[in-house]
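The block underneath contains the structure these notes are about, expressed in structure tokens.
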Amino acid sequence: MKILALVGTNAKFSYNRILLKYMKKHFRQMADIEIYEINQLPPFSVDTPLSEQTVVWKLKQKVKAADGIIFSTPEYDHGIPAALKSAVEWLSYQTNVLSNKPTMVVGVSYGRQASARSQVQMRQILISPDCNTNLLPGNEVLIGNASHSFSKDGRLINPEMRDNLEECFTHFVEYIQIFEKVNKEGLEMSVKQPTISEAYINFPTGRLTLKEVQQIFSTIPFELDLIDSTDHFVWYSDKPNREHVRNVASLGETVQECHPPLAVPTVMKIINSFRNGEKDVVTRPLWMNGHRSLIQYYALRDVNGHYLGTIEFTGSVEYILNLFENGAWSTDGNTGASKHEDANDNSVEVDSVDASTGTSESSDDANADNVSEVGATPAPAVNDDADTDATTGASDAGSVDANNEEADATTGASEN
């Protein structure tokens, strides 16, 4: 079980930070608690440029991946610190990452009443419509007289407070498990049995059951992702060992929400080129997770050419490349003759032909962009903003090199 715990202050020294560190160690057999420092975040402002919100985006990904969230708050002037309110604003403004997320509130203060009033305020915020968390009711962790409640090595030494903390945290773990069970049962139902089990989909080339369609998407040797015509991430294929790890918590998010902020402008440029009819496909080979992969983005259109969304195909090509390098295509499938038997054959030209368009990569009218379009000739790779991963927004110049341990596998950019 993964729990994200936010230190509710940007102060260098805080007993709330000490409390979370104690909980991380004390409850390590029950849950994996990750402590997050909110001082990494910029002050909340609706005018903060998207390009400056990378840290905010990373926090949202942590929240989505967590099974539960703990907010530890001190009490300043009968309320929560401004830095904590700012962090909550980032997690609730034009995003739903906190919605229905199991949440717990704890707090430490120097006074006898601990952080009672700030915790009341924090609870009111967390159940507001914009946050809409599944807040653990009751179970108040109120640790006062902080300087005497903790030892110098960070242990909670007040026995009554320690017993209360253990009881409340145990209830929180059980609370999370209730929601996990509900979600798992719903997910298993949809995986094991389509909603209409006996329905058929009639295609011009045959018909398939819903179960067959579902299993086809899980079996094909590449993964698919779909952004719809309103620029929302709406579907991905349930394929094991995906190159791009997806989470159902991201479904329904906008392009801006489910992509790193620095990638968004390039992603939107690709999508808009599909929407405007300028392009139909973008192809990009790159290194991913230590091996060679191919990513292709297609404009999804109806029979009348109307834009329905952008679909992404991603898969490792190591197996195919190994076959080629080991001579798997050394024999002509029509004649049975080896390519090496006739020095005058045109096998080199055949190998370089685009299977989609039938045109050679060495064609004189090759496009200057490293983009393959339907009906267009592929061209040599150059650094162009249009040739960008629609998932990460990374350009070819930022592609992940298998030998570059500093590279970010998500964005393709070096940390240096």
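Here's how to read the names in the structure tokens: chain A, B, ... by the order shown, residue numbers from 1 in each chain, ligand numbers from 1 in the order shown.
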
Task: DSSP strand (DSSP E) residues within segment 17-153 of chain A, as a count of residues only - done: 23

Could you pull the residues within 10 Å of Ile33 of chain A, counting only C-alpha atoms, minus those fewer than 2 positions along the same chain, as an mmCIF file with N, CA, C and O atoms, in the first residue's frame?
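Listed below is the output, out31.cif:
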data_model
loop_
_atom_site.group_PDB
_atom_site.id
_atom_site.type_symbol
_atom_site.label_atom_id
_atom_site.label_comp_id
_atom_site.auth_asym_id
_atom_site.auth_seq_id
_atom_site.Cartn_x
_atom_site.Cartn_y
_atom_site.Cartn_z
ATOM 1 N N MET A 1 0.847 -1.192 0.000
ATOM 2 C CA MET A 1 0.000 0.000 0.000
ATOM 3 C C MET A 1 0.884 1.243 0.000
ATOM 4 O O MET A 1 1.804 1.355 0.808
ATOM 5 N N LYS A 2 0.601 2.166 -0.906
ATOM 6 C CA LYS A 2 1.401 3.388 -1.040
ATOM 7 C C LYS A 2 0.623 4.577 -0.500
ATOM 8 O O LYS A 2 -0.507 4.841 -0.926
ATOM 9 N N ILE A 3 1.240 5.294 0.441
ATOM 10 C CA ILE A 3 0.611 6.475 1.028
ATOM 11 C C ILE A 3 1.544 7.660 0.853
ATOM 12 O O ILE A 3 2.747 7.558 1.106
ATOM 13 N N LEU A 4 1.001 8.762 0.382
ATOM 14 C CA LEU A 4 1.761 10.002 0.231
ATOM 15 C C LEU A 4 1.434 10.914 1.405
ATOM 16 O O LEU A 4 0.262 11.202 1.664
ATOM 17 N N ALA A 5 2.473 11.357 2.125
ATOM 18 C CA ALA A 5 2.286 12.204 3.306
ATOM 19 C C ALA A 5 2.886 13.577 3.055
ATOM 20 O O ALA A 5 4.089 13.693 2.770
ATOM 21 N N LEU A 20 5.768 12.681 10.666
ATOM 22 C CA LEU A 20 5.635 11.864 9.459
ATOM 23 C C LEU A 20 6.823 10.915 9.304
ATOM 24 O O LEU A 20 6.656 9.773 8.853
ATOM 25 N N LYS A 21 8.000 11.354 9.674
ATOM 26 C CA LYS A 21 9.165 10.466 9.609
ATOM 27 C C LYS A 21 9.010 9.314 10.597
ATOM 28 O O LYS A 21 9.385 8.172 10.303
ATOM 29 N N MET A 23 6.106 8.106 11.602
ATOM 30 C CA MET A 23 5.072 7.236 11.048
ATOM 31 C C MET A 23 5.631 6.366 9.928
ATOM 32 O O MET A 23 5.294 5.189 9.817
ATOM 33 N N LYS A 24 6.475 6.932 9.100
ATOM 34 C CA LYS A 24 7.064 6.176 7.984
ATOM 35 C C LYS A 24 7.834 4.964 8.507
ATOM 36 O O LYS A 24 7.722 3.847 7.954
ATOM 37 N N LYS A 25 8.585 5.166 9.583
ATOM 38 C CA LYS A 25 9.384 4.076 10.150
ATOM 39 C C LYS A 25 8.525 3.143 10.994
ATOM 40 O O LYS A 25 8.636 1.912 10.898
ATOM 41 N N PHE A 27 5.307 2.483 10.921
ATOM 42 C CA PHE A 27 4.258 1.723 10.225
ATOM 43 C C PHE A 27 4.769 1.093 8.927
ATOM 44 O O PHE A 27 3.982 0.806 8.026
ATOM 45 N N ARG A 28 6.065 0.883 8.832
ATOM 46 C CA ARG A 28 6.637 0.396 7.568
ATOM 47 C C ARG A 28 6.123 -0.993 7.193
ATOM 48 O O ARG A 28 6.148 -1.359 6.013
ATOM 49 N N MET A 30 3.043 -1.894 7.537
ATOM 50 C CA MET A 30 1.655 -1.740 7.120
ATOM 51 C C MET A 30 1.517 -1.005 5.794
ATOM 52 O O MET A 30 0.586 -1.261 5.022
ATOM 53 N N ALA A 31 2.454 -0.076 5.536
ATOM 54 C CA ALA A 31 2.333 0.741 4.326
ATOM 55 C C ALA A 31 3.672 1.366 3.977
ATOM 56 O O ALA A 31 4.544 1.539 4.840
ATOM 57 N N ILE A 35 7.207 10.726 2.066
ATOM 58 C CA ILE A 35 7.046 12.072 2.631
ATOM 59 C C ILE A 35 7.345 13.104 1.553
ATOM 60 O O ILE A 35 8.381 13.027 0.877
ATOM 61 N N TYR A 36 6.435 14.055 1.402
ATOM 62 C CA TYR A 36 6.600 15.090 0.374
ATOM 63 C C TYR A 36 6.696 16.467 1.036
ATOM 64 O O TYR A 36 5.889 16.814 1.901
ATOM 65 N N ALA A 66 -0.904 7.263 -5.476
ATOM 66 C CA ALA A 66 -1.006 6.865 -4.068
ATOM 67 C C ALA A 66 -2.368 6.252 -3.767
ATOM 68 O O ALA A 66 -3.386 6.635 -4.338
ATOM 69 N N GLY A 68 -3.544 6.428 -0.693
ATOM 70 C CA GLY A 68 -4.116 7.341 0.286
ATOM 71 C C GLY A 68 -3.189 8.515 0.524
ATOM 72 O O GLY A 68 -1.985 8.448 0.226
ATOM 73 N N ILE A 69 -3.734 9.604 1.079
ATOM 74 C CA ILE A 69 -2.970 10.832 1.322
ATOM 75 C C ILE A 69 -3.092 11.211 2.794
ATOM 76 O O ILE A 69 -4.182 11.153 3.368
ATOM 77 N N ILE A 70 -1.967 11.619 3.396
ATOM 78 C CA ILE A 70 -1.966 12.143 4.760
ATOM 79 C C ILE A 70 -1.513 13.599 4.721
ATOM 80 O O ILE A 70 -0.478 13.914 4.115
#

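Across the structure, atom CA of Tyr319 of chain A and atom CA of Phe233 of chain A are spaced 29.5 Å apart.
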
Open item on the list: Taking 6 positions as the minimum chain separation for residues in the same chain, which residues sit within 10 Å of His26 of chain A when counting only C-alpha atoms? Answer as a VMD selection string.
Closed with: chain A and resid 20 155 to 156 166

Emit the selected residues as a compact mmCIF listing (two decimals), in the first residue's frame, including N, CA, C and O atoms.
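Saved to selection.txt:
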# COMPACT_ATOMS: atom_id res chain seq x y z
N LEU A 20 5.77 12.68 10.67
CA LEU A 20 5.64 11.86 9.46
C LEU A 20 6.82 10.91 9.30
O LEU A 20 6.66 9.77 8.85
N ARG A 155 11.35 9.94 18.20
CA ARG A 155 10.32 8.98 18.57
C ARG A 155 9.20 9.67 19.35
O ARG A 155 9.45 10.58 20.14
N LEU A 156 7.98 9.22 19.10
CA LEU A 156 6.83 9.72 19.85
C LEU A 156 6.81 8.97 21.18
O LEU A 156 6.52 7.77 21.24
N GLU A 166 -1.54 4.94 16.57
CA GLU A 166 -1.57 3.58 16.03
C GLU A 166 -3.00 3.15 15.70
O GLU A 166 -3.25 2.53 14.66

Open item on the list: List the spatial neighbours of Asp130 of chain A as a PyMOL selection string - criterion: any atom at most 10 Å away, only C-alpha atoms, same-chain residues fewer than 3 positions off excluded.
Closed with: chain A and resi 88-89+91-96+98-99+125-127+133

Task: Residue nearest Ser273 of chain A among A:Thr310, A:Ser86, A:Thr254, A:Asn289 (counting only C-alpha atoms) - done: A:Thr310

Open item on the list: With distances taken over only C-alpha atoms, which residue among A:Val281, A:Val267, A:Cys131, A:Ala146 lies nearest Arg112 of chain A?
Closed with: A:Ala146
